[in-house]
Each structure stands twice: as structure tokens, then as C-alpha cells.
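Here is the file coords_2.txt (compact mmCIF, C-alpha atoms).
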```txt
# COMPACT_ATOMS: atom_id res chain seq x y z
CA MET M 1 -14.25 -14.69 -11.04
CA ILE M 2 -11.04 -14.62 -13.06
CA TYR M 3 -8.78 -11.65 -12.51
CA GLY M 4 -6.06 -10.26 -14.71
CA GLN M 5 -2.35 -10.76 -14.40
CA ARG M 6 -0.77 -8.78 -11.57
CA MET M 7 2.87 -7.82 -11.92
CA ILE M 8 4.58 -6.63 -8.75
CA TYR M 9 8.11 -5.26 -8.92
CA PHE M 10 10.17 -5.06 -5.74
CA THR M 11 13.09 -2.77 -4.96
CA ASN M 12 15.03 -2.74 -1.70
CA ASP M 13 16.43 0.68 -0.84
CA GLN M 14 17.39 0.01 2.79
CA ASP M 15 19.65 -2.23 4.87
CA LYS M 16 17.96 -2.12 8.29
CA LEU M 17 15.62 -5.11 7.91
CA PRO M 18 15.93 -8.25 5.79
CA ILE M 19 13.74 -8.59 2.71
CA THR M 20 12.63 -12.19 2.77
CA TYR M 21 10.68 -14.22 0.26
CA LYS M 22 7.95 -14.49 2.92
CA LEU M 23 7.74 -10.69 3.21
CA LYS M 24 7.48 -10.27 -0.56
CA MET M 25 4.75 -12.92 -0.72
CA LEU M 26 2.83 -11.16 2.06
CA VAL M 27 2.99 -7.86 0.17
CA ARG M 28 1.90 -9.67 -3.00
CA ARG M 29 -1.02 -11.19 -1.07
CA ALA M 30 -2.02 -7.75 0.23
CA VAL M 31 -1.94 -6.32 -3.31
CA ASP M 32 -4.03 -9.23 -4.60
CA ALA M 33 -6.50 -9.02 -1.70
CA THR M 34 -7.04 -5.31 -2.33
CA LEU M 35 -7.52 -5.73 -6.06
CA SER M 36 -9.87 -8.67 -5.53
CA PHE M 37 -11.89 -6.79 -2.91
CA GLU M 38 -12.25 -3.88 -5.32
CA GLY M 39 -13.19 -6.17 -8.23
CA PHE M 40 -10.26 -4.94 -10.28
CA GLU M 41 -10.04 -7.29 -13.26
CA ASN M 42 -7.48 -5.66 -15.55
CA ASP M 43 -3.90 -6.74 -16.01
CA CYS M 44 -1.84 -4.36 -13.93
CA GLU M 45 1.54 -3.62 -12.44
CA VAL M 46 2.61 -2.12 -9.14
CA SER M 47 6.07 -1.13 -7.97
CA VAL M 48 6.92 -1.63 -4.28
CA THR M 49 10.03 -0.06 -2.80
CA PHE M 50 11.21 -0.94 0.70
CA THR M 51 13.07 1.94 2.32
CA ASP M 52 14.06 3.39 5.69
CA ASN M 53 12.97 6.45 7.68
CA GLU M 54 15.71 8.67 6.33
CA HIS M 55 14.81 8.12 2.69
CA ILE M 56 11.03 8.26 3.16
CA HIS M 57 11.52 11.49 5.13
CA LEU M 58 13.20 13.03 2.08
CA LEU M 59 10.41 11.80 -0.21
CA ASN M 60 7.70 13.00 2.17
CA GLU M 61 9.24 16.46 2.26
CA GLN M 62 9.84 16.58 -1.50
CA TYR M 63 6.40 15.37 -2.61
CA ARG M 64 4.08 16.36 0.25
CA GLY M 65 5.95 19.22 1.94
CA VAL M 66 5.89 17.31 5.25
CA ASP M 67 9.19 17.45 7.13
CA ARG M 68 9.15 14.08 8.88
CA PRO M 69 9.32 10.39 8.08
CA THR M 70 6.05 8.63 7.31
CA ASP M 71 5.16 4.96 7.07
CA VAL M 72 4.07 4.68 3.43
CA LEU M 73 3.80 6.87 0.35
CA SER M 74 1.66 6.19 -2.69
CA PHE M 75 2.33 7.51 -6.16
CA PRO M 76 -0.69 6.71 -8.37
CA MET M 77 -0.17 6.60 -12.12
CA THR M 78 -3.83 6.21 -13.09
CA ASP M 79 -6.73 8.55 -12.39
CA PHE M 80 -9.77 6.51 -11.40
CA SER M 81 -11.96 9.54 -10.72
CA GLY M 82 -12.93 9.63 -14.38
CA ASP M 83 -11.65 13.18 -14.76
CA SER M 84 -8.70 12.27 -16.97
CA GLY M 85 -6.42 9.48 -18.01
CA GLU M 86 -8.73 6.65 -17.02
CA PRO M 87 -7.63 3.49 -18.82
CA ALA M 88 -9.94 1.74 -21.21
CA ILE M 89 -11.47 -1.45 -19.80
CA ASP M 90 -9.50 -3.42 -22.40
CA ALA M 91 -6.17 -1.67 -21.79
CA PRO M 92 -3.44 -4.32 -22.09
CA LEU M 93 -1.61 -3.45 -18.86
CA ILE M 94 -2.41 -0.69 -16.39
CA SER M 95 0.41 0.81 -14.33
CA LEU M 96 -1.29 1.53 -11.03
CA GLY M 97 1.73 3.26 -9.54
CA ASP M 98 4.40 3.06 -6.88
CA ILE M 99 4.29 2.16 -3.20
CA VAL M 100 7.16 3.19 -0.93
CA ILE M 101 7.14 1.55 2.52
CA SER M 102 9.48 2.48 5.34
CA LEU M 103 10.15 -0.91 6.91
CA GLU M 104 11.87 0.89 9.76
CA LYS M 105 8.64 2.83 10.49
CA ALA M 106 6.55 -0.33 10.01
CA ALA M 107 8.63 -2.08 12.69
CA GLU M 108 8.25 0.91 15.05
CA GLN M 109 4.47 1.04 14.54
CA ALA M 110 4.06 -2.71 14.93
CA GLU M 111 5.70 -2.46 18.34
CA GLU M 112 3.67 0.63 19.25
CA PHE M 113 0.35 -0.96 18.24
CA GLY M 114 1.19 -4.39 19.69
CA HIS M 115 0.98 -6.50 16.56
CA SER M 116 3.44 -8.14 14.20
CA PHE M 117 5.75 -6.44 11.74
CA GLU M 118 4.15 -8.60 9.03
CA ARG M 119 0.63 -7.40 9.90
CA GLU M 120 1.77 -3.77 9.85
CA THR M 121 3.51 -4.20 6.49
CA ALA M 122 0.40 -5.86 5.01
CA PHE M 123 -1.78 -3.04 6.37
CA LEU M 124 0.48 -0.36 4.87
CA THR M 125 0.36 -2.18 1.53
CA VAL M 126 -3.45 -2.36 1.59
CA HIS M 127 -3.64 1.32 2.59
CA SER M 128 -1.33 2.33 -0.24
CA MET M 129 -3.12 0.15 -2.79
CA LEU M 130 -6.39 1.88 -1.97
CA HIS M 131 -4.65 5.20 -2.68
CA LEU M 132 -3.42 3.81 -6.01
CA LEU M 133 -7.02 2.87 -6.81
CA GLY M 134 -8.21 6.43 -6.20
CA TYR M 135 -9.29 6.48 -2.55
CA ASP M 136 -8.15 9.33 -0.34
CA HIS M 137 -8.79 9.55 3.40
CA GLU M 138 -7.57 13.16 3.50
CA THR M 139 -10.47 14.59 1.48
CA GLY M 140 -13.07 14.48 4.25
CA GLU M 141 -14.52 12.49 7.12
CA GLU M 142 -16.80 10.41 4.90
CA ASP M 143 -13.88 9.42 2.66
CA GLU M 144 -11.78 8.58 5.71
CA LEU M 145 -14.52 6.33 7.13
CA ASP M 146 -14.98 4.65 3.74
CA MET M 147 -11.27 3.96 3.34
CA ARG M 148 -10.98 2.71 6.92
CA ALA M 149 -13.90 0.30 6.37
CA ARG M 150 -12.31 -1.03 3.17
CA GLN M 151 -8.94 -1.52 4.92
CA THR M 152 -10.63 -3.39 7.77
CA ALA M 153 -12.56 -5.66 5.42
CA ILE M 154 -9.49 -6.46 3.32
CA MET M 155 -7.32 -7.18 6.36
CA GLU M 156 -10.03 -9.43 7.80
CA ALA M 157 -10.33 -11.26 4.48
CA MET M 158 -6.56 -11.87 4.67
CA GLY M 159 -6.95 -13.25 8.20
CA LEU M 160 -5.04 -10.26 9.60
CA GLY M 161 -7.85 -8.32 11.22
CA ILE M 162 -7.48 -6.92 14.69
CA LYS M 163 -9.00 -9.26 17.23
CA LYS M 164 -11.73 -7.67 19.31
CA ASP M 165 -11.92 -8.62 22.98
```
Give the structure from the file, written as C-alpha cells.
Amino acid sequence: MIYGQRMIYFTNDQDKLPITYKLKMLVRRAVDATLSFEGFENDCEVSVTFTDNEHIHLLNEQYRGVDRPTDVLSFPMTDFSGDSGEPAIDAPLISLGDIVISLEKAAEQAEEFGHSFERETAFLTVHSMLHLLGYDHETGEEDELDMRARQTAIMEAMGLGIKKD
């Protein structure tokens, strides 16, 4: 199957961890894997901002009313529920939205969960992409299980699944 063009714009808003070409390509791969898994064929664009705990804390408080740092925030620009603003199938370029990842929090969680920083960053990207595509794990247990299953399948397809003993 041929998929549309995928534009990914990167911004670095932190100085705690280096932003390497390899990291950007991993994030790009996670975006592509999510869109492919979901059968998303349109041309689209996504903005990815790398930040630190201090800045994501401010954003989390401002946009969600939560007074603590988080790992990733998603700011969808398209409503895929069909209620409003859904793009036409032939729309020239769909802005899916913005992803903001705290690399500082990703590094902390990678250590906590016992896997690589790269795996954690890819997971956060997949998680956020699913939010941009209209999924929400905070709307009920069924939605949470659905989103978790999608994340697992995408990470496994990327070769980054969690090994089971």
C-alpha cells in the first residue's frame, strides 16, 4: 500500500540531552509506524518538540491543570471523531498536531522501567500519535485497553516490544 507524504518538523527546546540524527530518525520511524498501523494514507504533518521537565510542567499546568511534569503532551489539530472539522479524504495536507516530549522524563522513565532511552522515546511518540489520531485512554477502561493494545502492536512491529520471559 502506498501512503502519503509525511512531514515531521522538529524543535529542540531543551539542553539536557543531545538531539541526534539517530533520535530524530527513531521518532520519524515511530510516527510512520503508527500511521501505517492505522492505515492513514493522507499527506500529513506533525510537529515534534523536545523539551525538559520544567517546560513540560508549565505546559501541563496551563493546558491540563495538572501541576507536575509529564512525559508527553499531545495537541491534536484534527477531529477524527467525525463530530467536526474532519478533513476530506482528498485534503492536500492534514496537520495532525503537535507532540511535546520531555526527554528528561523519558530518560528517567527508561531507567525506572529498565529499558533504553530510545525505546521510551519511541513509545512516547507512538502514544502521542495515537492521541493525535483521536484515541484517548482517559475516556474509559475499554478505550484504555484499546489504546494499550495498539501501542503494543506498533512497538512490536517496530521491533521494540517488551520481551516476555
**Study point:** Point-to-point distance in Å for CA of Phe50 (chain M) and CA of Ile154 (chain M)
**Key:** 21.6 Å
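Minimum atom-to-atom distance to Phe75 (chain M), evaluated using only C-alpha atoms, belongs to M:Tyr63 out of M:Tyr63, M:Phe123, M:Phe40, M:Phe10.
Taking CA of Glu45 (chain M) and CA of Gln109 (chain M) as endpoints, the distance between them is 27.5 Å.
Reported to one decimal place, the separation of CA of Leu96 (chain M) from CA of Leu130 (chain M) is 10.4 Å.
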**Study point:** Of the listed residues M:Arg64, M:Lys16, M:His131, M:Arg119, that which approaches Met155 (chain M) most closely, counting only C-alpha atoms
**Key:** M:Arg119
Around all of region 37-49 of chain M's listed atoms, make the axis-aligned box with 4 Å on each side and tell me centre and edge lengths in Å to one decimal, as JSON.
```
{"center_x": -1.6, "center_y": -3.7, "center_z": -9.4, "size_x": 31.2, "size_y": 15.2, "size_z": 21.2}
```
Practice item. Choose the residue, out of M:Gly161, M:Arg29, M:Ser74, M:Lys105, that has the smallest atom-to-atom separation from Leu17 (chain M); count all atoms listed in the file. Key: M:Lys105
Review point. Which residues come within 12 Å of Leu59 (chain M), counting all atoms listed in the file, excluding same-chain residues fewer than 3 positions away, as number ranges by chain?
Key: M: 51-56, 62-75, 99-102
How about saving the chosen residues, C-alpha atoms kept, as an mmCIF file, keeping the file's coordinate frame?
```
data_model
loop_
_atom_site.group_PDB
_atom_site.id
_atom_site.type_symbol
_atom_site.label_atom_id
_atom_site.label_comp_id
_atom_site.auth_asym_id
_atom_site.auth_seq_id
_atom_site.Cartn_x
_atom_site.Cartn_y
_atom_site.Cartn_z
ATOM 1 C CA THR M 51 13.070 1.940 2.320
ATOM 2 C CA ASP M 52 14.060 3.390 5.690
ATOM 3 C CA ASN M 53 12.970 6.450 7.680
ATOM 4 C CA GLU M 54 15.710 8.670 6.330
ATOM 5 C CA HIS M 55 14.810 8.120 2.690
ATOM 6 C CA ILE M 56 11.030 8.260 3.160
ATOM 7 C CA GLN M 62 9.840 16.580 -1.500
ATOM 8 C CA TYR M 63 6.400 15.370 -2.610
ATOM 9 C CA ARG M 64 4.080 16.360 0.250
ATOM 10 C CA GLY M 65 5.950 19.220 1.940
ATOM 11 C CA VAL M 66 5.890 17.310 5.250
ATOM 12 C CA ASP M 67 9.190 17.450 7.130
ATOM 13 C CA ARG M 68 9.150 14.080 8.880
ATOM 14 C CA PRO M 69 9.320 10.390 8.080
ATOM 15 C CA THR M 70 6.050 8.630 7.310
ATOM 16 C CA ASP M 71 5.160 4.960 7.070
ATOM 17 C CA VAL M 72 4.070 4.680 3.430
ATOM 18 C CA LEU M 73 3.800 6.870 0.350
ATOM 19 C CA SER M 74 1.660 6.190 -2.690
ATOM 20 C CA PHE M 75 2.330 7.510 -6.160
ATOM 21 C CA ILE M 99 4.290 2.160 -3.200
ATOM 22 C CA VAL M 100 7.160 3.190 -0.930
ATOM 23 C CA ILE M 101 7.140 1.550 2.520
ATOM 24 C CA SER M 102 9.480 2.480 5.340
#
```
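The shortest atom-to-atom distance to Ala107 (chain M), with only C-alpha atoms taken into account, belongs to M:Ala122 out of M:Met158, M:Ala122, M:Met77, M:Leu93.
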Exercise for review: List the residues sitting within 7 Å of (12.0, 3.2, -5.1) in the file's frame, using only C-alpha atoms, as a PyMOL selection string.
Suggested key: chain M and resi 11+13+49+100
